[in-house]
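Peer 1: See upload_36.txt below, with compact mmCIF, C-alpha atoms.
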# COMPACT_ATOMS: atom_id res chain seq x y z
CA MET A 603 -18.00 112.18 259.17
CA ALA A 604 -20.76 111.03 261.47
CA VAL A 605 -20.14 110.83 265.18
CA VAL A 606 -21.04 107.54 266.84
CA ALA A 607 -21.82 106.82 270.45
CA ASP A 608 -19.21 105.51 272.85
CA ASP A 609 -20.99 102.20 273.30
CA ALA A 610 -21.29 101.61 269.57
CA VAL A 611 -17.65 102.30 268.95
CA ASP A 612 -16.52 100.13 271.80
CA GLU A 613 -18.64 97.20 270.66
CA THR A 614 -17.37 97.46 267.09
CA ALA A 615 -13.77 97.92 268.01
CA GLY A 616 -13.58 95.26 270.66
CA GLY A 617 -13.95 92.10 268.57
CA GLY A 618 -13.43 89.78 271.52
CA PRO A 619 -11.32 89.94 274.66
CA PRO A 620 -7.68 90.89 273.97
CA SER A 621 -4.83 89.10 275.63
CA HIS A 622 -3.07 90.67 278.61
CA ARG A 623 0.19 88.98 277.60
CA PRO A 624 2.24 91.27 275.30
CA LEU A 625 4.16 88.34 273.74
CA GLU A 626 1.28 85.88 273.38
CA ALA A 627 1.57 85.90 269.58
CA PHE A 628 4.94 84.14 269.92
CA SER A 629 3.10 81.03 271.12
CA SER A 630 2.07 80.52 267.47
CA ARG A 631 4.82 78.78 265.47
CA PRO A 632 3.62 80.13 262.07
CA PHE A 633 3.74 83.66 263.47
CA VAL A 634 7.24 83.14 264.89
CA LEU A 635 8.52 81.99 261.48
CA PHE A 636 6.74 84.82 259.70
CA TRP A 637 7.90 87.45 262.19
CA SER A 638 11.55 86.40 262.38
CA THR A 639 12.04 86.42 258.60
CA ILE A 640 10.05 89.60 258.15
CA VAL A 641 12.54 91.32 260.45
CA LEU A 642 15.35 90.40 258.05
CA SER A 643 13.49 91.56 254.96
CA LEU A 644 12.52 94.83 256.66
CA VAL A 645 16.13 95.47 257.66
CA GLY A 646 16.90 95.12 253.96
CA VAL A 647 14.15 97.61 253.08
CA TRP A 648 15.64 100.25 255.38
CA ILE A 649 19.13 99.57 254.07
CA ARG A 650 17.71 100.22 250.59
CA ILE A 651 15.84 103.37 251.59
CA THR A 652 18.93 104.87 253.23
CA ALA A 653 21.33 103.88 250.45
CA GLN A 654 18.97 104.89 247.64
CA SER A 655 18.42 108.41 248.97
CA TRP A 656 22.14 108.84 249.61
CA LEU A 657 22.97 107.63 246.09
CA VAL A 658 20.53 110.08 244.47
CA TYR A 659 21.80 113.03 246.49
CA ASP A 660 25.43 112.03 245.93
CA LEU A 661 24.87 111.86 242.15
CA THR A 662 22.84 115.06 241.83
CA ASP A 663 23.11 117.38 244.88
CA ASP A 664 19.44 118.16 244.19
CA GLU A 665 16.77 118.16 246.91
CA PHE A 666 14.02 118.10 244.28
CA LEU A 667 15.33 114.81 242.88
CA LEU A 668 15.21 113.39 246.39
CA GLY A 669 11.52 114.28 246.41
CA LEU A 670 11.06 112.91 242.88
CA THR A 671 12.62 109.58 243.90
CA SER A 672 10.20 109.42 246.83
CA PHE A 673 7.37 110.23 244.42
CA CYS A 674 8.35 107.42 242.03
CA GLN A 675 8.47 104.94 244.90
CA ALA A 676 5.27 105.99 246.69
CA ALA A 677 2.91 107.17 243.92
CA PRO A 678 2.44 103.69 242.36
CA VAL A 679 0.98 102.58 245.71
CA LEU A 680 -2.07 104.73 244.92
CA ILE A 681 -2.69 102.68 241.79
CA ALA A 682 -1.58 99.25 243.00
CA SER A 683 -3.32 99.24 246.39
CA PRO A 684 -6.92 99.23 245.08
CA ILE A 685 -6.01 96.35 242.77
CA ALA A 686 -4.39 94.59 245.74
CA GLY A 687 -7.57 95.14 247.73
CA ALA A 688 -9.63 93.28 245.17
CA VAL A 689 -7.05 90.50 244.86
CA LEU A 690 -6.34 89.89 248.55
CA ASP A 691 -9.94 89.14 249.46
CA ARG A 692 -10.22 86.58 246.63
CA VAL A 693 -6.92 84.64 246.51
CA ASP A 694 -4.27 83.18 248.80
CA ARG A 695 -2.63 86.19 250.47
CA ARG A 696 0.52 84.19 251.18
CA ARG A 697 1.17 83.53 247.48
CA VAL A 698 0.66 87.19 246.60
CA LEU A 699 3.24 88.09 249.22
CA LEU A 700 5.65 85.47 247.88
CA VAL A 701 5.53 86.86 244.31
CA VAL A 702 6.07 90.40 245.60
CA GLN A 703 9.24 89.41 247.50
CA VAL A 704 10.76 87.71 244.45
CA VAL A 705 10.06 90.71 242.19
CA THR A 706 11.53 93.17 244.70
CA ALA A 707 14.64 91.05 245.27
CA LEU A 708 15.31 90.88 241.51
CA ALA A 709 14.86 94.66 241.18
CA MET A 710 17.40 95.30 243.94
CA LEU A 711 19.86 92.83 242.46
CA THR A 712 19.63 94.74 239.17
CA LEU A 713 20.31 98.06 240.90
CA ALA A 714 23.25 96.55 242.77
CA VAL A 715 24.85 95.38 239.52
CA LEU A 716 24.31 98.80 237.89
CA VAL A 717 25.99 100.58 240.80
CA ALA A 718 28.85 98.08 241.08
CA THR A 719 29.66 98.39 237.36
CA GLY A 720 29.50 102.19 237.39
CA LEU A 721 26.65 102.24 234.87
CA VAL A 722 23.97 103.60 237.19
CA GLU A 723 22.12 106.77 236.22
CA VAL A 724 19.38 108.64 238.01
CA TRP A 725 16.71 107.35 235.61
CA HIS A 726 17.67 103.77 236.53
CA ILE A 727 16.99 104.56 240.18
CA LEU A 728 13.67 106.18 239.33
CA VAL A 729 12.47 103.20 237.26
CA ILE A 730 13.44 100.72 239.96
CA ALA A 731 11.72 102.96 242.52
CA VAL A 732 8.51 102.67 240.46
CA ILE A 733 8.85 98.86 240.45
CA ASN A 734 9.39 98.80 244.21
CA GLY A 735 6.47 101.17 244.74
CA THR A 736 4.13 98.99 242.68
CA ALA A 737 5.24 95.92 244.63
CA SER A 738 4.70 97.79 247.91
CA GLY A 739 1.09 98.42 246.91
CA PHE A 740 0.58 94.65 247.26
CA ASP A 741 3.21 93.98 249.93
CA TRP A 742 1.93 95.95 252.91
CA PRO A 743 -1.77 95.07 252.69
CA ALA A 744 -0.82 91.41 252.11
CA ARG A 745 1.42 91.37 255.20
CA LEU A 746 -1.16 93.14 257.35
CA SER A 747 -4.08 90.99 256.22
CA LEU A 748 -2.13 87.75 256.69
CA VAL A 749 -1.24 88.42 260.35
CA PRO A 750 -4.72 87.57 261.76
CA SER A 751 -4.46 84.18 260.01
CA LEU A 752 -1.34 83.31 262.01
CA VAL A 753 -2.59 83.82 265.58
CA PRO A 754 -5.78 83.29 267.63
CA ARG A 755 -7.96 86.38 267.86
CA SER A 756 -7.09 86.88 271.53
CA ALA A 757 -3.44 87.39 270.50
CA LEU A 758 -4.18 89.82 267.65
CA GLN A 759 -3.18 92.96 269.58
CA SER A 760 0.08 91.26 270.53
CA ALA A 761 0.69 90.23 266.89
CA VAL A 762 -0.04 93.71 265.50
CA ALA A 763 2.23 95.39 268.04
CA LEU A 764 5.04 92.85 267.45
CA ASN A 765 4.68 93.26 263.69
CA THR A 766 4.99 97.02 264.11
CA ALA A 767 7.93 96.52 266.46
CA ALA A 768 9.66 94.48 263.74
CA PHE A 769 9.16 97.34 261.32
CA ASN A 770 10.54 99.87 263.78
CA ALA A 771 13.45 97.69 264.95
CA SER A 772 14.52 97.45 261.32
CA ARG A 773 14.53 101.25 261.20
CA ILE A 774 17.31 101.18 263.79
CA VAL A 775 19.43 98.39 262.35
CA GLY A 776 18.95 99.09 258.63
CA PRO A 777 20.22 102.70 258.48
CA VAL A 778 23.20 101.89 260.73
CA ILE A 779 24.23 98.99 258.48
CA ALA A 780 23.69 101.15 255.38
CA GLY A 781 25.76 104.00 256.82
CA PHE A 782 28.59 101.61 257.69
CA LEU A 783 28.56 99.98 254.25
CA ILE A 784 28.40 103.32 252.42
CA GLY A 785 31.37 104.60 254.39
CA THR A 786 33.49 101.44 254.01
CA VAL A 787 32.76 99.32 250.93
CA GLY A 788 30.37 101.49 248.94
CA VAL A 789 26.68 101.84 248.21
CA ALA A 790 26.46 98.81 245.87
CA ALA A 791 26.96 96.48 248.85
CA CYS A 792 23.77 97.86 250.38
CA PHE A 793 21.67 96.79 247.42
CA PHE A 794 23.30 93.35 247.19
CA LEU A 795 22.62 92.78 250.90
CA ASN A 796 19.02 94.00 250.49
CA ALA A 797 18.38 91.41 247.77
CA MET A 798 19.87 88.59 249.89
CA LEU A 799 17.77 89.46 252.95
CA TYR A 800 14.57 88.61 251.07
CA VAL A 801 15.63 84.96 250.65
CA PRO A 802 14.67 83.66 254.15
CA PHE A 803 11.25 85.32 253.91
CA VAL A 804 10.66 83.75 250.49
CA ILE A 805 11.53 80.29 251.86
CA VAL A 806 9.17 80.67 254.84
CA LEU A 807 6.30 81.92 252.67
CA ALA A 808 6.77 79.00 250.27
CA THR A 809 6.57 76.43 253.08
CA LEU A 810 4.26 78.08 255.65
CA ALA A 811 0.97 76.31 256.40
CA VAL A 812 -1.72 78.92 257.08
CA ASP A 813 -5.31 78.01 257.90
CA ARG A 814 -7.03 81.26 256.86
CA ALA A 815 -4.80 82.53 254.03
CA ILE A 816 -7.62 82.23 251.48
CA PRO A 817 -10.50 84.60 252.29
CA THR A 818 -14.18 83.90 251.78
CA ALA A 819 -15.15 86.77 249.47
CA SER A 820 -17.62 85.66 246.81
CA ALA A 821 -15.99 84.47 243.61
CA ALA A 822 -19.24 85.26 241.77
CA GLU A 823 -18.63 88.99 242.17
CA SER A 824 -16.47 90.76 239.62
CA PRO A 825 -13.23 92.29 240.98
CA PHE A 826 -14.78 95.75 240.51
CA GLN A 827 -17.92 94.81 242.46
CA ASN A 828 -15.75 93.21 245.11
CA LEU A 829 -13.69 96.39 245.47
CA LEU A 830 -16.77 98.64 245.45
CA GLU A 831 -18.35 96.63 248.26
CA GLY A 832 -15.18 97.15 250.29
CA TYR A 833 -15.51 100.92 249.88
CA ARG A 834 -19.18 100.71 250.90
CA TYR A 835 -18.14 98.81 254.04
CA ILE A 836 -15.67 101.58 254.93
CA TRP A 837 -18.26 104.29 254.37
CA ARG A 838 -20.99 102.64 256.47
CA THR A 839 -18.59 101.96 259.39
CA PRO A 840 -17.75 105.35 260.98
CA ALA A 841 -15.11 103.94 263.35
CA VAL A 842 -13.18 102.37 260.45
CA ARG A 843 -13.56 105.53 258.40
CA GLY A 844 -12.19 107.62 261.25
CA MET A 845 -9.18 105.39 261.83
CA LEU A 846 -8.35 105.36 258.13
CA SER A 847 -8.35 109.17 258.08
CA VAL A 848 -5.68 109.53 260.78
CA ASP A 849 -2.65 109.39 258.50
CA ILE A 850 -3.86 111.46 255.54
CA VAL A 851 -2.02 114.71 256.36
CA PRO A 852 0.82 113.21 258.48
CA LEU A 853 1.75 110.92 255.57
CA ALA A 854 1.21 113.56 252.88
CA PHE A 855 3.40 116.18 254.58
CA GLY A 856 4.92 114.89 257.82
CA ILE A 857 7.02 112.05 256.39
CA SER A 858 8.88 114.63 254.26
CA TYR A 859 11.49 114.73 257.04
CA PHE A 860 12.57 111.23 255.98
CA THR A 861 12.75 112.22 252.31
CA MET A 862 14.88 115.27 253.17
CA ALA A 863 17.10 113.42 255.67
CA PRO A 864 20.18 113.24 253.38
CA ALA A 865 20.05 117.02 252.86
CA VAL A 866 19.58 117.62 256.60
CA ALA A 867 22.42 115.25 257.49
CA ARG A 868 24.92 116.63 254.99
CA ASP A 869 24.08 120.31 254.53
CA VAL A 870 22.40 121.34 257.80
CA LEU A 871 24.14 119.17 260.38
CA GLY A 872 27.43 118.56 258.53
CA LEU A 873 27.23 114.76 258.75
CA GLY A 874 28.27 112.26 256.07
CA GLY A 875 26.85 108.90 255.05
CA ARG A 876 27.47 107.37 258.46
CA GLY A 877 25.85 110.41 260.03
CA LEU A 878 22.74 109.85 257.94
CA GLY A 879 22.61 106.29 259.23
CA LEU A 880 22.95 107.60 262.80
CA LEU A 881 20.16 110.15 262.28
CA LEU A 882 17.75 107.54 260.93
CA ALA A 883 18.79 105.03 263.59
CA PHE A 884 17.84 107.52 266.33
CA ASN A 885 14.46 107.83 264.65
CA GLY A 886 14.19 104.04 264.68
CA VAL A 887 15.11 103.81 268.39
CA GLY A 888 12.24 106.16 269.18
CA ALA A 889 9.89 104.21 266.91
CA LEU A 890 10.79 100.88 268.51
CA THR A 891 10.25 102.37 271.96
CA GLY A 892 6.83 103.64 270.94
CA ALA A 893 5.79 100.32 269.42
CA ALA A 894 7.02 98.43 272.51
CA ALA A 895 5.03 100.78 274.76
CA VAL A 896 1.82 99.85 272.92
CA THR A 897 2.26 96.17 273.85
CA LEU A 898 2.07 97.23 277.51
CA MET A 899 -1.02 99.41 277.06
CA VAL A 900 -3.66 96.69 277.28
CA GLY A 901 -6.54 98.13 279.29
CA VAL A 902 -5.63 101.78 278.63
CA ARG A 903 -8.77 103.84 277.96
CA ARG A 904 -9.48 106.60 275.43
CA ARG A 905 -7.00 105.26 272.90
CA GLY A 906 -8.64 107.31 270.15
CA ARG A 907 -7.77 110.52 271.98
CA LEU A 908 -4.20 109.27 272.44
CA VAL A 909 -3.99 108.80 268.66
CA ILE A 910 -5.05 112.41 268.05
CA LEU A 911 -2.67 113.68 270.74
CA GLY A 912 0.16 111.79 269.04
CA VAL A 913 -0.56 113.48 265.70
CA GLY A 914 -0.39 116.88 267.42
CA CYS A 915 2.92 116.05 269.14
CA PHE A 916 4.35 114.91 265.82
CA GLY A 917 3.52 118.28 264.23
CA VAL A 918 5.23 120.20 267.05
CA LEU A 919 8.34 117.99 266.95
CA LEU A 920 8.61 118.23 263.15
CA PHE A 921 8.45 122.03 263.38
CA GLY A 922 11.28 122.02 265.94
CA PHE A 923 13.37 119.53 263.94
CA GLY A 924 13.03 121.70 260.84
CA LEU A 925 14.39 124.76 262.66
CA SER A 926 17.24 122.94 264.42
CA SER A 927 20.81 123.36 263.19
CA SER A 928 22.39 121.49 266.10
CA VAL A 929 23.24 117.79 266.04
CA TYR A 930 22.65 117.62 269.80
CA LEU A 931 19.12 118.98 269.41
CA SER A 932 18.21 117.27 266.14
CA LEU A 933 19.03 113.75 267.38
CA PRO A 934 16.65 113.88 270.40
CA LEU A 935 13.97 115.53 268.26
CA ILE A 936 14.10 112.88 265.53
CA LEU A 937 14.09 110.18 268.24
CA ALA A 938 10.99 111.75 269.81
CA MET A 939 9.31 111.93 266.38
CA GLY A 940 9.90 108.22 265.90
CA LEU A 941 8.43 107.52 269.33
CA VAL A 942 5.19 109.51 268.97
CA VAL A 943 4.55 108.38 265.39
CA ALA A 944 5.01 104.71 266.33
CA LEU A 945 2.85 105.17 269.42
CA TYR A 946 -0.16 106.69 267.70
CA ALA A 947 0.22 104.65 264.50
CA THR A 948 0.50 101.30 266.34
CA LEU A 949 -2.48 102.16 268.53
CA ASN A 950 -4.43 103.07 265.40
CA ASP A 951 -3.33 99.88 263.60
CA THR A 952 -4.37 97.73 266.55
CA LEU A 953 -7.78 99.40 266.83
CA LEU A 954 -8.33 98.98 263.09
CA GLN A 955 -7.27 95.32 262.96
CA THR A 956 -9.53 94.36 265.86
CA THR A 957 -12.48 96.22 264.30
CA LEU A 958 -12.43 94.77 260.78
CA ASP A 959 -14.65 92.03 259.42
CA ASP A 960 -12.20 89.47 257.97
CA ASP A 961 -14.13 89.27 254.68
CA TYR A 962 -13.24 92.93 254.05
CA ARG A 963 -9.81 92.93 255.67
CA GLY A 964 -7.72 92.86 252.48
CA ARG A 965 -9.68 95.67 250.82
CA VAL A 966 -9.67 97.94 253.86
CA LEU A 967 -5.98 97.41 254.58
CA ALA A 968 -5.23 98.06 250.92
CA VAL A 969 -6.92 101.46 251.33
CA TYR A 970 -4.91 102.00 254.52
CA SER A 971 -1.67 101.15 252.69
CA MET A 972 -2.74 103.29 249.74
CA PHE A 973 -2.35 106.38 251.91
CA TRP A 974 1.41 105.79 251.79
CA GLY A 975 1.04 106.88 248.18
CA LEU A 976 0.41 110.37 249.59
CA THR A 977 4.02 110.68 250.80
CA PRO A 978 5.31 111.95 247.43
CA ILE A 979 3.06 115.00 247.80
CA GLY A 980 5.07 116.12 250.81
CA GLY A 981 8.33 114.94 249.28
CA LEU A 982 7.85 117.00 246.11
CA GLU A 983 6.44 119.96 248.05
CA ALA A 984 9.34 119.89 250.53
CA GLY A 985 11.84 119.54 247.68
CA LEU A 986 10.38 122.58 245.88
CA LEU A 987 10.25 124.65 249.08
CA ALA A 988 13.80 123.57 249.96
CA ASN A 989 15.08 124.82 246.59
CA VAL A 990 13.53 128.23 247.28
CA TRP A 991 13.77 128.76 251.07
CA GLY A 992 15.96 125.91 252.28
CA VAL A 993 15.25 122.48 253.72
CA GLN A 994 14.76 123.76 257.29
CA THR A 995 11.94 126.12 256.35
CA ALA A 996 10.31 123.39 254.23
CA LEU A 997 10.20 120.97 257.16
CA ALA A 998 8.98 123.61 259.59
CA ILE A 999 6.07 124.48 257.25
CA ASN A 1000 5.09 120.82 257.03
CA GLY A 1001 5.15 120.57 260.83
CA VAL A 1002 2.59 123.38 260.97
CA LEU A 1003 0.40 121.61 258.38
CA VAL A 1004 0.37 118.41 260.48
CA LEU A 1005 -0.50 120.38 263.61
CA CYS A 1006 -3.39 122.10 261.83
CA TYR A 1007 -4.89 118.66 261.03
CA VAL A 1008 -5.57 117.92 264.71
CA PRO A 1009 -8.76 120.05 264.93
CA VAL A 1010 -10.06 118.23 261.83
CA LEU A 1011 -9.61 114.85 263.54
CA LEU A 1012 -11.29 116.14 266.68
CA ARG A 1013 -14.25 117.75 264.94
CA PHE A 1014 -15.03 115.52 261.97
CA THR A 1015 -14.13 111.97 263.07
CA PRO A 1016 -15.36 109.72 265.94
CA LEU A 1017 -11.77 109.03 267.03
CA ARG A 1018 -12.07 110.97 270.27
CA GLN A 1019 -14.86 108.59 271.34
CA ILE A 1020 -13.04 105.33 270.59
CA ASP A 1021 -12.00 103.61 273.78
Take the structure in the file and give it back as C-alpha cells.
Peer 2:
Amino acid sequence: MAVVADDAVDETAGGGPPSHRPLEAFSSRPFVLFWSTIVLSLVGVWIRITAQSWLVYDLTDDEFLLGLTSFCQAAPVLIASPIAGAVLDRVDRRRVLLVVQVVTALAMLTLAVLVATGLVEVWHILVIAVINGTASGFDWPARLSLVPSLVPRSALQSAVALNTAAFNASRIVGPVIAGFLIGTVGVAACFFLNAMLYVPFVIVLATLAVDRAIPTASAAESPFQNLLEGYRYIWRTPAVRGMLSVDIVPLAFGISYFTMAPAVARDVLGLGGRGLGLLLAFNGVGALTGAAAVTLMVGVRRRGRLVILGVGCFGVLLFGFGLSSSVYLSLPLILAMGLVVALYATLNDTLLQTTLDDDYRGRVLAVYSMFWGLTPIGGLEAGLLANVWGVQTALAINGVLVLCYVPVLLRFTPLRQID
C-alpha cells in the first residue's frame, strides 16, 4: 500500500473540528433513543453468543463444532456485506436495520422453542447461526452508517465512542446474565430473553425521524456499478485502505479466544456455565474501559501508531492467555485483552468514520463489517489445532500470528503516519 504524507493524512482524516466534550452526542434526542435501545439489543446478542456456544459444547463436547458454529454465524457476513454495501448507499438505512431486527428476533424465538421443548439438535443451531450471520452482514454496516445521521459532525467522535461503549458494556452484562440463567433456569430462557430485547429497538427504529437516513448515491447506477465505485473509492484513498486492513489478521485468528471460551472455562480452568459468564464479563469490563478511554483522548497525537501498538499488545496477551491454566492469571489477561482490543478498534473506528465521504459510507462500512466474516477461519483453525494439541496451544499459536502482523501494518500501510 502506498505511503502518504502526514499532512495529507491529517487533512483527510480530520473532516472538521471534533468536539472536546466526550458526551456531546447525548445532546441529540434521536441518538439518545437509538443508543439506549441498542444497548438492550446488544445485551441480548451477548446473551445469545454465550448461551449458544455453551449449548453446542454441552450437546457435543467437541471443540471443532464450536468452531463450526462460529463459521456458520460469521461466514455469511462475507457474502451479505457486499450486498449490504450496495443497498445501504441507495435506500433508507433505518428501514434496512428494522427488517434485520425482526428477522433476528424471530430466529431466536424459534431456537428458544426448540430448546424448551427438548427438540433441539446441533443442525438446528447451525442453520439459525447462518440466518443470524446473514442478518449481521446487514446489521453492523447499517448501524455504523446510520450513526452520523443522528448527530452533528462535531459530535461524531463522541457518537462513535459511545456506540462502541454500548457494544462493550453489553459484553459485560450479557455473559453474566447468560451464565446466571444457564445455571438457574436453563439455556432456553437465554434465547427467549434475547428475542424480547429486540422489541424496544424495533419500536424506536419504526418511529425515529432521521434527516440523513437516505443517502445520495445515484439511482441511475446499477447495484453492481454502485458497489464497484465503492471499492474504487477505498483503493484510491490510502488512509481508508490502511484503516480497513487493521483487523484482517486479528479477526481471522485473534478472536478465536472467544470461540474457544467454553472449552477454556470448562476444561482448562474448571469453571461451569456461570464461570464462562464470568470469564466473558471480565473481557467486557476491559473492553468497556478501553472504549471509555477513547472518549477522553481528544487531542491525542499519533493515533495510528497507537492502533498498531494495540494490535501488538493483543498478540502478546493472547499468547499468555493461551498458556495460562490459572483462573487468577486468566481473568486479568482476558480483561487486558478486552481493554487493548477496544482501545485500538475504537480509535480505528473513529478515524475511519471521520475520514469517509458520506456518499460511500455504507459501502465502506460494509467492507469493514465483512472482515468479521474472517473470524470462522480462526475458529475452525483453533478447533482443529485444539483437537490435536489442545486448546491452550491453539490459542498461543494464534497469539503469535497476530503479533507477526504488526510489522506488516508498519511497513505496508500509512497507519503510522495518521495523526
Peer 1: Which residue is closest to Ser772 in chain A? Choose from A:Leu954, A:Ala676, A:Val647, A:Val993 and count all atoms listed in the file.
Peer 2: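 When distances to Ser772 in chain A are compared using all atoms listed in the file, the smallest one comes from A:Val647.
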Peer 1: Measure the distance from CA of Arg868 in chain A to CA of Ala771 in chain A in Å and round it to one decimal.
Peer 2: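 About the pair CA of Arg868 in chain A and CA of Ala771 in chain A: they are 24.3 Å apart.
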Peer 1: From the list A:Phe740, A:Phe923, A:Trp991, A:Tyr970, which residue is nearest Ala947 in chain A when using all atoms listed in the file?
Peer 2: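 Using all atoms listed in the file, the shortest distance to Ala947 in chain A belongs to A:Tyr970.
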Peer 1: So the first atom is CA of Pro754 in chain A and the second is CA of Asp951 in chain A; what is the distance between them in Å, to one decimal place?
Peer 2: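 Computing the Euclidean distance for CA of Pro754 in chain A and CA of Asp951 in chain A yields 17.2 Å.
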Peer 1: Counting all atoms listed in the file, figure out which residue out of A:Ser655, A:Thr706, A:Thr957, A:Gln675 gets nearest to Leu846 in chain A.
Peer 2: A:Thr957
Peer 1: Quick one: pull the distance between CA of Leu880 in chain A and CA of Ala867 in chain A, Å, one decimal.
Peer 2: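 Computed distance, CA of Leu880 in chain A to CA of Ala867 in chain A, equals 9.3 Å.
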Peer 1: Using only C-alpha atoms, pick whichever of A:Leu746, A:Leu713, A:Ala998, A:Val909 has the shortest atom-to-atom distance to Ile1020 in chain A.
Peer 2: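 Selected residue with least distance to Ile1020 in chain A: A:Val909.
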